[in-house]
file target_20.txt (compact mmCIF, C-alpha atoms (C1' of nucleotides))
# COMPACT_ATOMS: atom_id res chain seq x y z
CA MET A 1166 6.70 25.84 -46.73
CA GLY A 1167 4.05 28.46 -46.22
CA GLU A 1168 1.57 26.53 -48.31
CA ALA A 1169 -1.15 25.36 -46.01
CA ALA A 1170 -1.17 21.64 -45.72
CA LYS A 1171 -4.30 20.44 -47.39
CA ARG A 1172 -5.91 17.30 -46.27
CA ARG A 1173 -5.05 14.87 -43.71
CA HIS A 1174 -3.41 11.99 -45.37
CA GLY A 1175 -5.91 9.50 -46.64
CA ASP A 1176 -7.14 7.91 -49.85
CA ALA A 1177 -7.35 11.23 -51.60
CA ALA A 1178 -4.25 12.72 -50.09
CA GLU A 1179 -1.92 10.19 -51.64
CA LYS A 1180 -2.84 11.35 -55.07
CA LEU A 1181 -2.08 14.97 -54.43
CA PRO A 1182 1.12 15.98 -56.15
CA ALA A 1183 1.77 18.44 -53.35
CA GLU A 1184 3.37 15.92 -51.04
CA GLY A 1185 5.66 14.49 -53.67
CA THR A 1186 6.70 17.94 -54.76
CA GLN A 1187 7.38 19.08 -51.25
CA ALA A 1188 9.33 15.95 -50.43
CA ARG A 1189 11.46 16.40 -53.52
CA ARG A 1190 12.08 19.99 -52.51
CA PHE A 1191 13.29 19.06 -49.07
CA GLY A 1192 15.42 16.27 -50.41
CA LYS A 1193 17.09 18.69 -52.75
CA THR A 1194 17.72 21.13 -49.95
CA ARG A 1195 19.36 18.43 -47.87
CA SER A 1196 21.65 17.22 -50.63
CA ALA A 1197 22.56 20.81 -51.40
CA GLN A 1198 23.85 21.05 -47.86
CA SER A 1199 26.14 18.11 -48.35
CA THR A 1200 27.74 19.73 -51.40
CA ALA A 1201 27.90 23.21 -49.87
CA LEU A 1202 30.97 22.41 -47.83
CA LEU A 1203 32.80 20.97 -50.80
CA GLU A 1204 31.97 24.09 -52.78
CA ASP A 1205 33.37 26.25 -50.02
CA TYR A 1206 36.57 24.25 -49.91
CA VAL A 1207 37.02 24.32 -53.66
CA GLU A 1208 36.51 28.05 -53.80
CA LEU A 1209 38.91 28.64 -50.95
CA ILE A 1210 41.56 26.38 -52.43
CA ALA A 1211 41.31 28.20 -55.75
CA ASP A 1212 41.68 31.43 -53.82
CA LEU A 1213 44.76 30.29 -51.93
CA LEU A 1214 46.41 28.82 -55.01
CA MET A 1215 45.84 32.07 -56.83
CA SER A 1216 47.15 34.29 -54.07
CA SER A 1217 49.99 32.26 -52.63
CA GLY A 1218 50.62 29.40 -54.99
CA GLU A 1219 49.72 26.75 -52.47
CA ALA A 1220 46.75 25.58 -50.43
CA ARG A 1221 47.90 24.10 -47.14
CA PRO A 1222 45.57 22.36 -44.71
CA THR A 1223 46.55 24.74 -41.93
CA ASP A 1224 45.66 27.82 -43.96
CA ILE A 1225 42.39 26.30 -45.07
CA ALA A 1226 41.58 25.35 -41.50
CA ARG A 1227 42.31 28.83 -40.23
CA ARG A 1228 40.19 30.49 -42.89
CA LEU A 1229 37.25 28.19 -42.30
CA GLY A 1230 37.53 28.16 -38.55
CA VAL A 1231 38.00 24.40 -38.21
CA SER A 1232 40.87 22.26 -36.99
CA HIS A 1233 43.59 21.28 -39.40
CA ALA A 1234 42.62 17.64 -38.99
CA THR A 1235 39.13 18.43 -40.23
CA ALA A 1236 40.59 20.23 -43.22
CA VAL A 1237 42.74 17.23 -44.08
CA LYS A 1238 39.80 14.90 -43.82
CA THR A 1239 37.65 17.07 -46.05
CA ILE A 1240 40.42 17.37 -48.61
CA SER A 1241 40.39 13.62 -48.95
CA ARG A 1242 36.66 13.78 -49.58
CA LEU A 1243 37.42 16.32 -52.28
CA LYS A 1244 39.81 13.83 -53.82
CA ARG A 1245 37.23 11.09 -53.69
CA ALA A 1246 34.80 13.44 -55.42
CA GLY A 1247 37.32 14.06 -58.19
CA LEU A 1248 37.56 17.75 -57.39
CA ALA A 1249 41.09 17.93 -56.01
CA THR A 1250 44.41 16.19 -55.79
CA ALA A 1251 46.98 16.34 -53.05
CA ARG A 1252 50.52 15.14 -52.63
CA PRO A 1253 51.59 14.36 -49.06
CA TYR A 1254 53.00 17.44 -47.33
CA ARG A 1255 52.46 19.48 -50.49
CA GLY A 1256 48.96 20.81 -50.05
CA ALA A 1257 45.91 20.57 -52.26
CA PHE A 1258 45.39 21.28 -55.95
CA LEU A 1259 42.26 21.38 -58.06
CA THR A 1260 41.43 19.05 -60.91
CA GLU A 1261 39.89 20.38 -64.11
CA LYS A 1262 36.51 19.59 -62.61
CA GLY A 1263 37.45 21.34 -59.39
CA ARG A 1264 38.55 24.47 -61.20
CA ALA A 1265 35.33 24.54 -63.19
CA LEU A 1266 33.32 24.25 -59.99
CA ALA A 1267 35.37 26.98 -58.33
CA ASP A 1268 34.65 29.30 -61.23
CA ARG A 1269 30.94 28.64 -61.11
CA VAL A 1270 30.88 29.12 -57.37
CA ARG A 1271 32.77 32.38 -57.54
CA VAL A 1272 30.48 33.82 -60.19
CA ARG A 1273 27.44 32.77 -58.23
CA HIS A 1274 28.77 34.25 -55.02
CA ARG A 1275 29.43 37.60 -56.68
CA LEU A 1276 25.97 37.63 -58.16
CA VAL A 1277 24.26 36.89 -54.88
CA VAL A 1278 26.25 39.54 -53.05
CA ASP A 1279 25.57 42.10 -55.75
CA LEU A 1280 21.89 41.35 -55.68
CA LEU A 1281 21.63 41.66 -51.92
CA ARG A 1282 23.46 44.96 -52.04
CA ALA A 1283 21.22 46.18 -54.81
CA LEU A 1284 18.27 45.45 -52.53
CA GLY A 1285 19.78 47.61 -49.84
CA VAL A 1286 21.46 45.00 -47.66
CA PRO A 1287 24.62 46.43 -46.04
CA THR A 1288 27.84 45.00 -47.47
CA GLU A 1289 28.85 43.13 -44.34
CA ALA A 1290 25.51 41.38 -43.99
CA ALA A 1291 25.39 40.76 -47.73
CA GLU A 1292 28.73 38.97 -47.68
CA ALA A 1293 27.83 36.97 -44.61
CA ASP A 1294 24.38 35.90 -45.77
CA ALA A 1295 25.57 35.14 -49.29
CA GLU A 1296 27.87 32.53 -47.80
CA GLY A 1297 24.86 30.53 -46.73
CA ILE A 1298 22.39 31.50 -49.43
CA GLU A 1299 24.49 30.88 -52.52
CA HIS A 1300 24.42 27.12 -52.16
CA HIS A 1301 20.66 27.06 -52.52
CA VAL A 1302 20.18 29.30 -55.52
CA SER A 1303 19.06 27.41 -58.63
CA GLU A 1304 20.10 28.25 -62.17
CA THR A 1305 16.66 29.66 -62.81
CA THR A 1306 16.84 31.98 -59.85
CA LEU A 1307 20.39 32.94 -60.69
CA LYS A 1308 19.26 34.02 -64.14
CA ALA A 1309 16.50 36.10 -62.64
CA PHE A 1310 19.04 37.78 -60.36
CA ALA A 1311 21.30 38.60 -63.31
CA GLN A 1312 18.36 39.90 -65.26
CA TYR A 1313 17.27 42.14 -62.44
CA LEU A 1314 20.76 43.53 -61.92
CA LYS A 1315 21.05 44.24 -65.62
CA SER A 1316 17.75 46.07 -65.55
CA LEU A 1317 19.23 48.43 -62.99
CA GLY A 1318 21.87 49.40 -65.47
CA MET B 1407 26.32 19.30 -33.75
CA GLY B 1408 27.52 20.09 -30.27
CA GLU B 1409 27.88 23.83 -30.14
CA ALA B 1410 29.98 23.45 -27.01
CA ALA B 1411 32.38 20.95 -28.47
CA LYS B 1412 32.70 22.89 -31.68
CA ARG B 1413 33.66 26.11 -29.99
CA ARG B 1414 36.01 24.56 -27.53
CA HIS B 1415 38.64 24.98 -30.21
CA GLY B 1416 38.23 28.70 -30.06
CA ASP B 1417 41.80 29.84 -30.64
CA ALA B 1418 41.56 29.53 -34.40
CA ALA B 1419 39.33 32.55 -34.70
CA GLU B 1420 41.37 34.85 -32.53
CA LYS B 1421 44.20 35.52 -34.95
CA LEU B 1422 43.98 37.92 -37.83
CA PRO B 1423 40.87 40.05 -38.12
CA ALA B 1424 40.32 39.27 -41.77
CA GLU B 1425 40.60 35.56 -41.26
CA GLY B 1426 38.57 35.69 -38.11
CA THR B 1427 35.75 37.40 -39.92
CA GLN B 1428 35.64 34.84 -42.64
CA ALA B 1429 35.91 32.00 -40.18
CA ARG B 1430 33.06 33.41 -38.13
CA ARG B 1431 31.02 33.66 -41.29
CA PHE B 1432 31.56 30.05 -42.22
CA GLY B 1433 30.95 28.91 -38.70
CA LYS B 1434 27.65 30.71 -38.70
CA THR B 1435 26.67 29.11 -41.98
CA ARG B 1436 27.41 25.69 -40.58
CA SER B 1437 25.46 26.12 -37.38
CA ALA B 1438 22.58 27.56 -39.41
CA GLN B 1439 22.48 24.25 -41.23
CA SER B 1440 22.13 22.35 -38.00
CA THR B 1441 19.07 24.38 -37.01
CA ALA B 1442 17.55 24.39 -40.49
CA LEU B 1443 16.12 20.92 -40.13
CA LEU B 1444 14.56 21.66 -36.77
CA GLU B 1445 12.97 24.77 -38.25
CA ASP B 1446 11.51 22.73 -41.08
CA TYR B 1447 10.08 20.20 -38.67
CA VAL B 1448 8.59 22.83 -36.43
CA GLU B 1449 6.92 24.60 -39.30
CA LEU B 1450 5.58 21.38 -40.74
CA ILE B 1451 4.24 20.24 -37.39
CA ALA B 1452 2.49 23.59 -36.93
CA ASP B 1453 1.05 23.17 -40.39
CA LEU B 1454 -0.22 19.66 -39.73
CA LEU B 1455 -1.67 20.56 -36.35
CA MET B 1456 -3.48 23.48 -37.93
CA SER B 1457 -4.91 21.55 -40.83
CA SER B 1458 -5.66 18.17 -39.30
CA GLY B 1459 -5.29 18.55 -35.55
CA GLU B 1460 -2.45 16.10 -35.29
CA ALA B 1461 1.14 15.70 -36.43
CA ARG B 1462 1.96 12.03 -36.90
CA PRO B 1463 5.45 10.78 -37.62
CA THR B 1464 4.29 9.04 -40.77
CA ASP B 1465 2.75 12.19 -42.22
CA ILE B 1466 5.81 14.21 -41.35
CA ALA B 1467 8.03 11.57 -42.92
CA ARG B 1468 5.99 11.51 -46.12
CA ARG B 1469 5.99 15.29 -46.43
CA LEU B 1470 9.71 15.56 -45.89
CA GLY B 1471 10.61 12.55 -47.96
CA VAL B 1472 12.34 10.65 -45.16
CA SER B 1473 11.58 7.38 -43.40
CA HIS B 1474 9.27 7.38 -40.41
CA ALA B 1475 12.15 6.23 -38.23
CA THR B 1476 14.07 9.34 -39.14
CA ALA B 1477 11.04 11.48 -38.34
CA VAL B 1478 10.67 9.84 -34.95
CA LYS B 1479 14.31 10.35 -34.17
CA THR B 1480 14.19 13.99 -35.15
CA ILE B 1481 11.08 14.57 -33.09
CA SER B 1482 12.98 13.44 -30.04
CA ARG B 1483 15.69 15.97 -30.88
CA LEU B 1484 12.93 18.56 -31.04
CA LYS B 1485 11.89 17.51 -27.56
CA ARG B 1486 15.44 17.76 -26.31
CA ALA B 1487 15.63 21.25 -27.80
CA GLY B 1488 12.48 22.23 -25.95
CA LEU B 1489 10.55 22.89 -29.13
CA ALA B 1490 8.07 20.05 -29.04
CA THR B 1491 6.40 17.47 -26.85
CA ALA B 1492 5.08 14.07 -27.83
CA ARG B 1493 3.01 11.40 -26.18
CA PRO B 1494 3.65 7.86 -27.35
CA TYR B 1495 1.42 6.94 -30.29
CA ARG B 1496 -0.20 10.37 -30.16
CA GLY B 1497 2.02 12.42 -32.41
CA ALA B 1498 3.92 15.63 -31.82
CA PHE B 1499 2.87 18.97 -30.36
CA LEU B 1500 4.68 22.27 -30.11
CA THR B 1501 5.75 24.02 -26.97
CA GLU B 1502 5.32 27.76 -26.61
CA LYS B 1503 8.87 28.14 -27.84
CA GLY B 1504 8.16 25.83 -30.76
CA ARG B 1505 5.08 27.80 -31.78
CA ALA B 1506 7.01 31.05 -31.64
CA LEU B 1507 9.71 29.58 -33.85
CA ALA B 1508 7.13 28.24 -36.28
CA ASP B 1509 5.61 31.68 -36.59
CA ARG B 1510 8.91 33.35 -37.27
CA VAL B 1511 9.82 30.70 -39.81
CA ARG B 1512 6.53 31.03 -41.63
CA VAL B 1513 6.78 34.78 -41.90
CA ARG B 1514 10.33 34.54 -43.14
CA HIS B 1515 9.44 31.91 -45.71
CA ARG B 1516 6.64 34.04 -47.14
CA LEU B 1517 8.90 37.03 -47.34
CA VAL B 1518 11.64 35.16 -49.17
CA VAL B 1519 9.21 33.65 -51.64
CA ASP B 1520 7.56 37.00 -52.26
CA LEU B 1521 10.89 38.65 -52.83
CA LEU B 1522 12.05 36.02 -55.29
CA ARG B 1523 8.81 36.31 -57.20
CA ALA B 1524 9.10 40.07 -57.24
CA LEU B 1525 12.50 39.65 -58.86
CA GLY B 1526 10.97 37.56 -61.60
CA VAL B 1527 11.68 34.06 -60.34
CA PRO B 1528 8.91 31.66 -61.43
CA THR B 1529 6.70 30.52 -58.57
CA GLU B 1530 7.84 26.92 -58.63
CA ALA B 1531 11.52 27.83 -58.46
CA ALA B 1532 10.82 30.50 -55.89
CA GLU B 1533 9.14 28.02 -53.56
CA ALA B 1534 11.85 25.44 -54.05
CA ASP B 1535 14.81 27.78 -53.59
CA ALA B 1536 13.22 29.55 -50.64
CA GLU B 1537 13.23 26.23 -48.82
CA GLY B 1538 17.00 26.31 -48.79
CA ILE B 1539 17.62 30.04 -48.72
CA GLU B 1540 15.36 31.03 -45.85
CA HIS B 1541 17.53 29.43 -43.20
CA HIS B 1542 20.43 31.70 -44.08
CA VAL B 1543 18.73 35.07 -44.21
CA SER B 1544 19.68 37.34 -41.34
CA GLU B 1545 17.36 39.80 -39.65
CA THR B 1546 19.14 42.64 -41.39
CA THR B 1547 18.64 41.11 -44.80
CA LEU B 1548 15.06 40.22 -43.98
CA LYS B 1549 14.34 43.84 -43.20
CA ALA B 1550 15.88 44.92 -46.48
CA PHE B 1551 13.64 42.45 -48.29
CA ALA B 1552 10.55 43.79 -46.57
CA GLN B 1553 11.59 47.33 -47.34
CA TYR B 1554 12.10 46.54 -51.00
CA LEU B 1555 8.75 44.79 -51.30
CA LYS B 1556 7.03 47.73 -49.65
CA SER B 1557 8.69 50.10 -52.09
CA LEU B 1558 7.02 48.20 -54.90
CA GLY B 1559 3.66 49.01 -53.44
C1' DT C 419 -14.50 -9.84 -30.89
C1' DA C 420 -10.77 -10.72 -33.49
C1' DC C 421 -7.55 -9.87 -36.68
C1' DA C 422 -5.23 -7.72 -40.48
C1' DA C 423 -3.46 -3.44 -41.84
C1' DC C 424 -1.19 0.28 -40.64
C1' DA C 425 1.20 3.34 -37.46
C1' DT C 426 4.82 3.69 -34.02
C1' DG C 427 8.91 2.82 -31.72
C1' DT C 428 13.63 0.59 -31.13
C1' DA C 429 18.00 -1.13 -32.56
C1' DG C 430 21.77 -1.15 -35.32
C1' DC C 431 24.40 0.51 -39.20
C1' DC C 432 26.29 4.20 -42.31
C1' DT C 433 28.33 8.84 -43.78
C1' DT C 434 29.37 13.58 -42.82
C1' DG C 435 31.71 16.85 -40.43
C1' DG C 436 33.36 18.20 -36.18
C1' DC C 437 37.10 17.43 -32.41
C1' DT C 438 41.74 15.89 -29.75
C1' DA C 439 45.98 13.37 -29.36
C1' DA C 440 49.98 11.53 -30.96
C1' DA C 441 53.27 10.25 -34.54
C1' DC C 442 55.69 11.68 -38.40
C1' DT C 443 57.83 15.13 -42.13
C1' DT C 444 59.76 19.47 -43.56
C1' DT C 445 62.14 23.37 -42.86
C1' DG C 446 64.70 27.11 -41.07
C1' DA C 447 68.09 28.83 -37.52
C1' DC C 448 71.83 28.06 -35.59
C1' DG D 972 74.59 19.33 -40.18
C1' DT D 973 71.44 19.29 -36.28
C1' DC D 974 67.41 19.90 -34.13
C1' DA D 975 63.40 22.20 -32.61
C1' DA D 976 59.37 24.44 -34.42
C1' DA D 977 55.84 24.18 -37.54
C1' DG D 978 53.07 21.67 -40.53
C1' DT D 979 50.94 17.12 -41.83
C1' DT D 980 48.88 12.84 -41.25
C1' DT D 981 46.52 9.10 -38.87
C1' DA D 982 43.58 7.23 -35.51
C1' DG D 983 39.81 7.35 -32.63
C1' DC D 984 35.93 9.70 -30.52
C1' DC D 985 31.28 12.18 -30.90
C1' DA D 986 26.56 13.93 -32.64
C1' DA D 987 23.49 14.62 -36.52
C1' DG D 988 20.75 12.78 -39.80
C1' DG D 989 19.97 9.31 -42.98
C1' DC D 990 18.56 4.17 -43.68
C1' DT D 991 16.50 -0.91 -42.95
C1' DA D 992 14.63 -4.49 -40.17
C1' DC D 993 12.03 -5.94 -36.63
C1' DA D 994 8.97 -5.64 -32.57
C1' DT D 995 5.07 -3.60 -30.60
C1' DG D 996 0.63 -0.72 -30.40
C1' DT D 997 -3.85 0.87 -32.37
C1' DT D 998 -7.82 0.60 -35.04
C1' DG D 999 -11.33 -0.33 -38.63
C1' DT D 1000 -14.01 -3.82 -40.27
C1' DA D 1001 -15.68 -8.32 -41.11
call {"tool": "encode", "arguments": {"input": "target_20.txt", "output": "structure tokens"}}
result
Amino acid sequence: MGEAAKRRHGDAAEKLPAEGTQARRFGKTRSAQSTALLEDYVELIADLLMSSGEARPTDIARRLGVSHATAVKTISRLKRAGLATARPYRGAFLTEKGRALADRVRVRHRLVVDLLRALGVPTEAAEADAEGIEHHVSETTLKAFAQYLKSLG
Amino acid sequence: MGEAAKRRHGDAAEKLPAEGTQARRFGKTRSAQSTALLEDYVELIADLLMSSGEARPTDIARRLGVSHATAVKTISRLKRAGLATARPYRGAFLTEKGRALADRVRVRHRLVVDLLRALGVPTEAAEADAEGIEHHVSETTLKAFAQYLKSLG
DNA sequence: TACAACATGTAGCCTTGGCTAAACTTTGAC
DNA sequence: GTCAAAGTTTAGCCAAGGCTACATGTTGTA
């Protein structure tokens, strides 16, 4: 938000596109936050299914550092969002849509981590920060990251 | 988000090192999200005070794209957090702590935007993405960014 | 001065994303 | 085959961060 706020709001101020643009930006940031958790869950479920064949609420909870009840609740949100399915006492599974999202998320995560490391960020910090950053990186920015990494050879 | 309540369930993170690490990471990401909004408010209030001498709920609301009621409610959270003060019908002001935070946030924002632009991200996208990214950039990563930008001259 | 327009504040409702507690299934060791 | 341990689900609570609707203050202008 570094841009200095121009005028005080008034007759002229309402016409400035700056406010609308900024508001849109913030709104986008906020809605990104609401999808970030679902992205994390989807990626983790894909991970667990791949490595152990099942994705149980308890394992998910332990990996994310939340209670198992929270994991269960979020899984049902995943179902509502059409990203996952779950049979009682049989864990979670991804829908086609969920798998597609998981793939996108994984690729994006890798790219962000690689970029941070390329800029000299230590691996540990890169992994940790990427966890938060990745949900806010647009397609445009992602392309620029890829481009930059390619230019490094 | 009740830091105290959240961490009361501390046993989850004490198990395996690998899982603990990941859990800590996610936990950090989540708590970063809860402070992100306050950071945005503080920076915007500093901005408005600078440019117009006052920070009214309505202006804040318009800039952030939320209702004035939401702005008012958040301002009282700011007060509770010791970041701002407010006199009825006279808008918001920052405490010493709030001003310090605003400064840090502004510097960080500039750095993130500059870095993105240096990597070839178009200005518009850089500004927009930075809004979301900046709240998740650690000190370590921030230093790496600064270092990289300096290396470009 | 008075009043309309606008800003502010309050109340009540919603969803998300946490938690604990308690009831219910599954499962593995006798 | 039983039964306790472990995992799962449900229910109910809380705070954050949105919203609308309504009541109350403030102010510019006629």
call {"tool": "calpha_fit_and_write", "arguments": {"input": "target_20.txt", "fixed": "chain B", "moving": "chain A", "output": "compact mmCIF listing (two decimals) with C-alpha atoms, keeping the file's coordinate frame"}}
result
# COMPACT_ATOMS: atom_id res chain seq x y z
CA MET A 1166 34.40 32.14 -46.11
CA GLY A 1167 35.85 34.05 -49.01
CA GLU A 1168 37.99 36.14 -46.72
CA ALA A 1169 41.57 35.21 -47.39
CA ALA A 1170 43.11 33.54 -44.43
CA LYS A 1171 45.68 35.90 -43.07
CA ARG A 1172 48.65 34.59 -41.29
CA ARG A 1173 49.72 31.22 -40.45
CA HIS A 1174 48.85 30.60 -36.90
CA GLY A 1175 51.51 31.84 -34.57
CA ASP A 1176 52.07 34.33 -31.77
CA ALA A 1177 50.38 37.09 -33.67
CA ALA A 1178 47.67 34.98 -35.19
CA GLU A 1179 46.11 34.07 -31.88
CA LYS A 1180 45.27 37.66 -31.22
CA LEU A 1181 43.45 38.20 -34.46
CA PRO A 1182 39.73 38.38 -33.88
CA ALA A 1183 39.19 36.83 -37.29
CA GLU A 1184 39.58 33.26 -36.11
CA GLY A 1185 37.26 33.65 -33.17
CA THR A 1186 34.67 35.34 -35.32
CA GLN A 1187 34.86 32.70 -37.99
CA ALA A 1188 34.67 29.89 -35.47
CA ARG A 1189 31.61 31.45 -33.88
CA ARG A 1190 30.05 31.76 -37.31
CA PHE A 1191 30.55 28.11 -38.12
CA GLY A 1192 29.33 27.04 -34.74
CA LYS A 1193 26.17 29.00 -35.27
CA THR A 1194 25.65 27.45 -38.66
CA ARG A 1195 25.99 23.98 -37.21
CA SER A 1196 23.55 24.55 -34.38
CA ALA A 1197 21.13 26.10 -36.84
CA GLN A 1198 21.14 22.80 -38.67
CA SER A 1199 20.14 20.92 -35.57
CA THR A 1200 17.10 23.16 -35.07
CA ALA A 1201 16.15 23.24 -38.76
CA LEU A 1202 14.53 19.84 -38.64
CA LEU A 1203 12.49 20.71 -35.58
CA GLU A 1204 11.33 23.88 -37.30
CA ASP A 1205 10.25 21.88 -40.32
CA TYR A 1206 8.31 19.46 -38.17
CA VAL A 1207 6.61 22.20 -36.20
CA GLU A 1208 5.57 24.01 -39.34
CA LEU A 1209 4.26 20.84 -40.92
CA ILE A 1210 2.35 19.83 -37.81
CA ALA A 1211 0.72 23.25 -37.65
CA ASP A 1212 -0.17 22.82 -41.30
CA LEU A 1213 -1.73 19.40 -40.82
CA LEU A 1214 -3.63 20.43 -37.71
CA MET A 1215 -5.02 23.40 -39.58
CA SER A 1216 -6.04 21.47 -42.66
CA SER A 1217 -7.21 18.17 -41.24
CA GLY A 1218 -7.46 18.59 -37.51
CA GLU A 1219 -4.81 16.03 -36.75
CA ALA A 1220 -1.11 15.42 -37.32
CA ARG A 1221 -0.40 11.72 -37.61
CA PRO A 1222 3.10 10.27 -37.80
CA THR A 1223 2.30 8.55 -41.08
CA ASP A 1224 1.18 11.77 -42.75
CA ILE A 1225 4.19 13.64 -41.44
CA ALA A 1226 6.47 10.87 -42.64
CA ARG A 1227 4.95 10.88 -46.09
CA ARG A 1228 5.22 14.64 -46.45
CA LEU A 1229 8.82 14.71 -45.32
CA GLY A 1230 9.88 11.63 -47.20
CA VAL A 1231 11.04 9.67 -44.15
CA SER A 1232 9.81 6.49 -42.52
CA HIS A 1233 7.03 6.67 -39.99
CA ALA A 1234 9.40 5.40 -37.32
CA THR A 1235 11.66 8.38 -37.91
CA ALA A 1236 8.70 10.70 -37.62
CA VAL A 1237 7.71 9.16 -34.30
CA LYS A 1238 11.21 9.48 -32.97
CA THR A 1239 11.46 13.12 -33.99
CA ILE A 1240 8.09 13.89 -32.45
CA SER A 1241 9.43 12.71 -29.13
CA ARG A 1242 12.35 15.08 -29.56
CA LEU A 1243 9.80 17.81 -30.15
CA LYS A 1244 8.18 16.88 -26.87
CA ARG A 1245 11.49 16.96 -25.07
CA ALA A 1246 12.08 20.42 -26.54
CA GLY A 1247 8.73 21.60 -25.20
CA LEU A 1248 7.38 22.29 -28.67
CA ALA A 1249 4.76 19.56 -28.95
CA THR A 1250 2.65 17.10 -27.06
CA ALA A 1251 1.33 13.76 -28.18
CA ARG A 1252 -1.10 11.24 -26.81
CA PRO A 1253 -0.49 7.63 -27.84
CA TYR A 1254 -2.29 6.79 -31.08
CA ARG A 1255 -3.69 10.32 -31.24
CA GLY A 1256 -1.05 12.19 -33.16
CA ALA A 1257 0.90 15.31 -32.31
CA PHE A 1258 -0.19 18.73 -31.07
CA LEU A 1259 1.73 21.94 -30.58
CA THR A 1260 2.36 23.66 -27.28
CA GLU A 1261 2.07 27.43 -26.98
CA LYS A 1262 5.78 27.60 -27.66
CA GLY A 1263 5.41 25.31 -30.65
CA ARG A 1264 2.65 27.40 -32.15
CA ALA A 1265 4.70 30.56 -31.70
CA LEU A 1266 7.63 28.92 -33.46
CA ALA A 1267 5.40 27.69 -36.27
CA ASP A 1268 4.13 31.21 -36.82
CA ARG A 1269 7.61 32.66 -36.95
CA VAL A 1270 8.76 29.96 -39.31
CA ARG A 1271 5.83 30.44 -41.64
CA VAL A 1272 6.33 34.19 -41.84
CA ARG A 1273 10.01 33.73 -42.49
CA HIS A 1274 9.41 31.15 -45.18
CA ARG A 1275 6.99 33.43 -47.01
CA LEU A 1276 9.44 36.28 -46.84
CA VAL A 1277 12.31 34.26 -48.21
CA VAL A 1278 10.22 32.89 -51.05
CA ASP A 1279 8.89 36.33 -51.90
CA LEU A 1280 12.36 37.78 -51.92
CA LEU A 1281 13.76 35.08 -54.18
CA ARG A 1282 10.88 35.57 -56.58
CA ALA A 1283 11.38 39.30 -56.53
CA LEU A 1284 14.98 38.67 -57.60
CA GLY A 1285 13.78 36.68 -60.56
CA VAL A 1286 14.08 33.14 -59.23
CA PRO A 1287 11.38 30.89 -60.74
CA THR A 1288 8.68 29.88 -58.27
CA GLU A 1289 9.60 26.22 -58.16
CA ALA A 1290 13.26 26.89 -57.43
CA ALA A 1291 12.31 29.63 -54.99
CA GLU A 1292 10.15 27.27 -52.96
CA ALA A 1293 12.74 24.52 -53.03
CA ASP A 1294 15.72 26.69 -52.10
CA ALA A 1295 13.78 28.57 -49.44
CA GLU A 1296 13.32 25.27 -47.65
CA GLY A 1297 17.03 25.12 -47.03
CA ILE A 1298 17.85 28.81 -46.84
CA GLU A 1299 15.23 29.96 -44.37
CA HIS A 1300 16.85 28.25 -41.42
CA HIS A 1301 19.98 30.34 -41.80
CA VAL A 1302 18.50 33.79 -42.20
CA SER A 1303 19.12 36.03 -39.18
CA GLU A 1304 16.69 38.62 -37.87
CA THR A 1305 18.88 41.34 -39.29
CA THR A 1306 18.85 39.85 -42.74
CA LEU A 1307 15.15 39.15 -42.52
CA LYS A 1308 14.52 42.82 -41.82
CA ALA A 1309 16.61 43.80 -44.80
CA PHE A 1310 14.57 41.43 -46.97
CA ALA A 1311 11.30 42.96 -45.74
CA GLN A 1312 12.66 46.42 -46.31
CA TYR A 1313 13.70 45.62 -49.83
CA LEU A 1314 10.35 44.05 -50.69
CA LYS A 1315 8.56 47.08 -49.31
CA SER A 1316 10.72 49.35 -51.42
CA LEU A 1317 9.42 47.54 -54.49
CA GLY A 1318 5.93 48.58 -53.57
call {"tool": "residues_around", "arguments": {"input": "target_20.txt", "residues": "B:Ala1532", "least_positions_apart": "6", "cutoff": "7 Å", "atoms": "all atoms listed in the file", "output": "MDAnalysis selection string"}}
result
chainID B and resid 1519 1522:1523
call {"tool": "write_last_selection", "arguments": {"input": "target_20.txt", "atoms": "C-alpha atoms", "output": "PDB file, keeping the file's coordinate frame"}}
result
ATOM      1  CA  VAL B1519       9.210  33.650 -51.640  1.00  0.00           C
ATOM      2  CA  LEU B1522      12.050  36.020 -55.290  1.00  0.00           C
ATOM      3  CA  ARG B1523       8.810  36.310 -57.200  1.00  0.00           C
TER       4      ARG B1523
END
call {"tool": "atom_distance", "arguments": {"input": "target_20.txt", "atom1": "atom CA of B:Arg1512", "atom2": "atom CA of B:Ala1467"}}
result
19.6 Å
call {"tool": "interface_residues", "arguments": {"input": "target_20.txt", "of": "chain C", "to": "chain B", "cutoff": "10 Å", "atoms": "all atoms listed in the file", "output": "CSV table (one decimal) with C-alpha atoms (C1' of nucleotides), in the frame of the given file"}}
result
chain,number,residue,atom,x,y,z
C,425,DA,C1',1.2,3.3,-37.5
C,426,DT,C1',4.8,3.7,-34.0
C,427,DG,C1',8.9,2.8,-31.7
C,428,DT,C1',13.6,0.6,-31.1
C,435,DG,C1',31.7,16.8,-40.4
C,436,DG,C1',33.4,18.2,-36.2
C,437,DC,C1',37.1,17.4,-32.4
C,438,DT,C1',41.7,15.9,-29.8
call {"tool": "residues_around", "arguments": {"input": "target_20.txt", "residues": "B:Thr1435", "least_positions_apart": "5", "cutoff": "9 Å", "atoms": "all atoms listed in the file", "output": "list in words"}}
result
Ala1293, Asp1294, Glu1296, Gly1297 and Ile1298 of chain A; Arg1430 and His1542 of chain B
call {"tool": "interface_residues", "arguments": {"input": "target_20.txt", "of": "chain D", "to": "chain A", "cutoff": "12 Å", "atoms": "all atoms listed in the file", "output": "PDB file with C-alpha atoms (C1' of nucleotides), in the coordinates of the input"}}
result
ATOM      1  C1'  DA D 977      55.840  24.180 -37.540  1.00  0.00           C
ATOM      2  C1'  DG D 978      53.070  21.670 -40.530  1.00  0.00           C
ATOM      3  C1'  DT D 979      50.940  17.120 -41.830  1.00  0.00           C
ATOM      4  C1'  DT D 980      48.880  12.840 -41.250  1.00  0.00           C
ATOM      5  C1'  DT D 981      46.520   9.100 -38.870  1.00  0.00           C
ATOM      6  C1'  DA D 982      43.580   7.230 -35.510  1.00  0.00           C
ATOM      7  C1'  DG D 988      20.750  12.780 -39.800  1.00  0.00           C
ATOM      8  C1'  DG D 989      19.970   9.310 -42.980  1.00  0.00           C
TER       9       DG D 989
END
